[in-house]
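Asker: Take this structure first; my questions come after.
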Amino acid sequence: MPAIKSTPPKPKAFCAKIPDRKNAAAFARALAGWYAQSARKLPWRQIPSLYSTVVSEFMLQQTQISTVLPYFEKWLRRFPDFEALAKAPEAALLKHWEGLGYYSRARNLHALAKEICASGIPENSRQWLRMKGVGPYTAAAISSIAQGEKIALVDGNVVRVLTRLSADKTPYPSASAAIAPLQPFAQSLMDAAQNPGAHNQAMMELGALICTRNRPPECLLCPVRIFCAVAGRADAQDFPFLAAKKTERVEKDRLWIKHGKKLLLRRAHAQAKRLAQLWELPLKEDLPQAICQKEPLMVKKRGISNQQITERIFGARLAPKNFPKGEQWIWADEKKLHALTLSGPHRRWVNLLKDFR
DNA sequence: AACGCGGGGGC
DNA sequence: GCCCCAGCGTT
């Protein structure tokens, strides 16, 4: 009877310059060496404890380190541990959170302290995830840093590092949309690491100090440049590729109707979501009786909000009996036209066409 | 997938 | 002004 083959290892999400686990281990070693040498001395790293880790991770949600620093110091003096926090009145917490923003974090942290004092400490990321205010990032951060769980976190820094390592040109709809797809890659690197908490922090530290967003990355100083698909490339800063906000394509036909020297305009009503009260060329659908030319005088594209609008402007005629009525309509001569408020594109069109007929 | 949540930093 | 920041909860 043949020996039962062991189940094949789970497919690993690696990349061109980190093709297997052996390379991942070399990557993790290089990163860890750099981190031991170069990590900033942040207060929650100086006083490593579960409590300081939890407090710092709550404060750091969507908040920059420099903003958090003074709050963290004051908080630990006033609320030195979970017991002190659980006993304190909510008003005291909020007062110490004042100015930090996202105040539900303070209330969630309060509830978390009470829960821990009543029922004990969550043991792993899955249990942390059940607590209000703790999502995938915070659960992985706390359990890896304070409890040694081998679970990778993915934040904005890590998205940047991973997409550059793998030259990932996926047009993610947003940075947050990239987190789930990149998690397996992050985890495959974590699996090869020795110290889970240090590895996670090192990935973020690399993004903060070397693999930067607002300036060209310092590839020459990067401890893992030999593992990076874009190291030294001029386009390294272009990663991650975040798709432009999804734009809806819209087509509009407008009419250029002259009566003597006057031009017919309409305006959006006061409650319109866009361009309220601004004068514009009438839409073809507003004036079904108009006699419209076959070919447009002009075709222009422009963007408004999330729409990409292609507008065609047709010369047209309108019998006096069909002239529209109401305050939404106006026949504007050149002088009046100058005084009316038009959107930028409409002003430019009118200027371009003003001598037409 | 898209918002709201808050305040601040970088460009 | 706009995007983003050691994100999460809701819709």
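By convention in this document, the chains of the structure tokens carry letters A, B, ... by their order, each chain's residues are numbered from 1, and ligands are numbered from 1 in the order they are shown.
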Enumerate as a list in words the residues belonging to chain C that approach chain A to within 10 Å, with only C-alpha atoms (C1' of nucleotides) taken into account.

Answerer: DC4, DC5, DA6, DG7, DC8 and DG9 of chain C

Asker: Include N, CA and C atoms (P, O5', C5', C4', C3', O3' and C1' of nucleotides) and write out the residues we just selected as a tab-separated table (two decimals), in the first residue's frame.

Answerer:
```tsv
chain	number	residue	atom	x	y	z
C	4	DC	P	-5.29	59.24	-2.21
C	4	DC	O5'	-4.63	59.19	-0.77
C	4	DC	C5'	-3.26	59.54	-0.63
C	4	DC	C4'	-2.95	59.71	0.84
C	4	DC	C3'	-3.41	58.55	1.71
C	4	DC	O3'	-2.28	57.85	2.19
C	4	DC	C1'	-3.88	60.68	2.70
C	5	DC	P	-2.47	56.52	3.02
C	5	DC	O5'	-2.24	57.08	4.49
C	5	DC	C5'	-1.06	57.82	4.77
C	5	DC	C4'	-1.13	58.34	6.18
C	5	DC	C3'	-1.48	57.28	7.22
C	5	DC	O3'	-0.60	57.41	8.33
C	5	DC	C1'	-2.99	59.10	7.39
C	6	DA	P	0.70	56.48	8.30
C	6	DA	O5'	-0.12	55.43	9.18
C	6	DA	C5'	0.40	54.27	9.58
C	6	DA	C4'	-0.71	53.25	9.85
C	6	DA	C3'	-1.95	53.74	10.59
C	6	DA	O3'	-3.03	52.88	10.25
C	6	DA	C1'	-0.69	52.32	11.99
C	7	DG	P	-4.17	53.32	9.21
C	7	DG	O5'	-5.50	52.81	9.95
C	7	DG	C5'	-6.05	51.53	9.59
C	7	DG	C4'	-7.21	51.28	10.50
C	7	DG	C3'	-8.03	50.05	10.17
C	7	DG	O3'	-8.47	49.50	11.40
C	7	DG	C1'	-9.36	51.98	9.88
C	8	DC	P	-9.42	48.21	11.37
C	8	DC	O5'	-10.85	48.87	11.64
C	8	DC	C5'	-11.04	49.64	12.83
C	8	DC	C4'	-12.49	50.04	12.95
C	8	DC	C3'	-13.48	48.90	12.68
C	8	DC	O3'	-14.40	48.85	13.73
C	8	DC	C1'	-13.98	50.79	11.33
C	9	DG	P	-15.54	47.75	13.75
C	9	DG	O5'	-16.82	48.56	13.29
C	9	DG	C5'	-17.19	49.73	13.99
C	9	DG	C4'	-18.44	50.33	13.39
C	9	DG	C3'	-19.55	49.32	13.10
C	9	DG	O3'	-20.78	49.88	13.51
C	9	DG	C1'	-18.97	50.47	11.11
```

Asker: Chain B residues within 8 Å of chain A, counting only C-alpha atoms (C1' of nucleotides): which ones, as a PyMOL selection string?

Answerer: chain B and resi 5-8+10-11

Asker: Write the residues of the preceding selection, restricted to N, CA and C atoms (P, O5', C5', C4', C3', O3' and C1' of nucleotides), as a PDB file, in the first residue's frame.

Answerer:
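Contents of the output file part-v2.pdb:
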```
ATOM      1  P    DC B   5     -20.633  62.633   9.610  1.00  0.00           P
ATOM      2  O5'  DC B   5     -19.439  62.074  10.501  1.00  0.00           O
ATOM      3  C5'  DC B   5     -19.691  60.976  11.378  1.00  0.00           C
ATOM      4  C4'  DC B   5     -18.381  60.423  11.866  1.00  0.00           C
ATOM      5  C3'  DC B   5     -17.384  61.490  12.371  1.00  0.00           C
ATOM      6  O3'  DC B   5     -16.929  61.102  13.646  1.00  0.00           O
ATOM      7  C1'  DC B   5     -16.311  59.964  10.960  1.00  0.00           C
ATOM      8  P    DG B   6     -16.623  62.095  14.730  1.00  0.00           P
ATOM      9  O5'  DG B   6     -15.314  62.697  14.085  1.00  0.00           O
ATOM     10  C5'  DG B   6     -15.249  64.019  13.690  1.00  0.00           C
ATOM     11  C4'  DG B   6     -13.897  64.546  14.127  1.00  0.00           C
ATOM     12  C3'  DG B   6     -13.643  65.985  13.690  1.00  0.00           C
ATOM     13  O3'  DG B   6     -12.726  66.483  14.646  1.00  0.00           O
ATOM     14  C1'  DG B   6     -12.120  64.579  12.595  1.00  0.00           C
ATOM     15  P    DG B   7     -12.580  67.939  15.030  1.00  0.00           P
ATOM     16  O5'  DG B   7     -11.035  68.193  14.844  1.00  0.00           O
ATOM     17  C5'  DG B   7     -10.118  67.372  15.535  1.00  0.00           C
ATOM     18  C4'  DG B   7      -8.876  67.208  14.712  1.00  0.00           C
ATOM     19  C3'  DG B   7      -8.321  68.510  14.112  1.00  0.00           C
ATOM     20  O3'  DG B   7      -7.084  68.765  14.746  1.00  0.00           O
ATOM     21  C1'  DG B   7      -8.200  66.693  12.596  1.00  0.00           C
ATOM     22  P    DG B   8      -6.244  70.073  14.382  1.00  0.00           P
ATOM     23  O5'  DG B   8      -5.055  69.483  13.522  1.00  0.00           O
ATOM     24  C5'  DG B   8      -4.382  68.335  13.988  1.00  0.00           C
ATOM     25  C4'  DG B   8      -3.445  67.815  12.911  1.00  0.00           C
ATOM     26  C3'  DG B   8      -2.649  68.909  12.188  1.00  0.00           C
ATOM     27  O3'  DG B   8      -1.323  68.460  12.039  1.00  0.00           O
ATOM     28  C1'  DG B   8      -3.777  67.577  10.627  1.00  0.00           C
ATOM     29  P    DG B  10       4.374  67.703   7.364  1.00  0.00           P
ATOM     30  O5'  DG B  10       4.101  67.377   5.832  1.00  0.00           O
ATOM     31  C5'  DG B  10       3.946  66.019   5.432  1.00  0.00           C
ATOM     32  C4'  DG B  10       3.732  65.960   3.939  1.00  0.00           C
ATOM     33  C3'  DG B  10       4.595  66.961   3.160  1.00  0.00           C
ATOM     34  O3'  DG B  10       5.081  66.336   1.991  1.00  0.00           O
ATOM     35  C1'  DG B  10       2.294  67.371   2.725  1.00  0.00           C
ATOM     36  P    DC B  11       6.234  67.054   1.153  1.00  0.00           P
ATOM     37  O5'  DC B  11       5.458  67.637  -0.111  1.00  0.00           O
ATOM     38  C5'  DC B  11       4.747  66.725  -0.956  1.00  0.00           C
ATOM     39  C4'  DC B  11       3.783  67.501  -1.825  1.00  0.00           C
ATOM     40  C3'  DC B  11       4.420  68.693  -2.547  1.00  0.00           C
ATOM     41  O3'  DC B  11       4.335  68.513  -3.947  1.00  0.00           O
ATOM     42  C1'  DC B  11       2.303  69.248  -1.600  1.00  0.00           C
TER      43       DC B  11
END
```

Asker: May I have all residues of segment 60-102 of chain A that DSSP, computed from the backbone, assigns to alpha helix (DSSP H), given as a list in words?

Answerer: Leu60, Ile65, Ser66, Thr67, Val68, Leu69, Pro70, Tyr71, Phe72, Glu73, Lys74, Trp75, Leu76, Arg77, Arg78, Phe82, Glu83, Ala84, Leu85, Ala86, Lys87, Glu90, Ala91, Ala92, Leu93, Leu94, Lys95, His96 and Trp97 of chain A

Asker: Could you please take those selected residues and save C-alpha atoms as an mmCIF file, in the first residue's frame?

Answerer:
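The resulting file, selection-v8.cif, is reproduced below:
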```cif
data_model
loop_
_atom_site.group_PDB
_atom_site.id
_atom_site.type_symbol
_atom_site.label_atom_id
_atom_site.label_comp_id
_atom_site.auth_asym_id
_atom_site.auth_seq_id
_atom_site.Cartn_x
_atom_site.Cartn_y
_atom_site.Cartn_z
ATOM 1 C CA LEU A 60 -3.300 55.380 15.303
ATOM 2 C CA ILE A 65 1.986 59.287 14.435
ATOM 3 C CA SER A 66 3.021 62.879 15.117
ATOM 4 C CA THR A 67 -0.572 63.700 16.034
ATOM 5 C CA VAL A 68 -0.879 60.736 18.377
ATOM 6 C CA LEU A 69 2.352 61.214 20.353
ATOM 7 C CA PRO A 70 1.216 63.818 22.931
ATOM 8 C CA TYR A 71 -2.176 62.120 23.384
ATOM 9 C CA PHE A 72 -0.564 58.765 24.021
ATOM 10 C CA GLU A 73 1.750 60.123 26.719
ATOM 11 C CA LYS A 74 -1.040 61.937 28.540
ATOM 12 C CA TRP A 75 -3.391 58.983 28.233
ATOM 13 C CA LEU A 76 -0.978 56.539 29.817
ATOM 14 C CA ARG A 77 -0.365 58.883 32.729
ATOM 15 C CA ARG A 78 -4.078 59.355 33.398
ATOM 16 C CA PHE A 82 -7.123 48.480 31.648
ATOM 17 C CA GLU A 83 -8.469 48.641 35.229
ATOM 18 C CA ALA A 84 -8.009 52.386 35.519
ATOM 19 C CA LEU A 85 -9.601 52.840 32.131
ATOM 20 C CA ALA A 86 -12.553 50.596 32.931
ATOM 21 C CA LYS A 87 -13.263 52.480 36.170
ATOM 22 C CA GLU A 90 -16.647 58.174 29.924
ATOM 23 C CA ALA A 91 -16.505 61.954 30.179
ATOM 24 C CA ALA A 92 -12.923 61.706 31.448
ATOM 25 C CA LEU A 93 -11.960 59.574 28.463
ATOM 26 C CA LEU A 94 -13.530 61.951 26.008
ATOM 27 C CA LYS A 95 -11.825 64.917 27.612
ATOM 28 C CA HIS A 96 -8.454 63.265 27.145
ATOM 29 C CA TRP A 97 -9.398 62.339 23.570
#
```
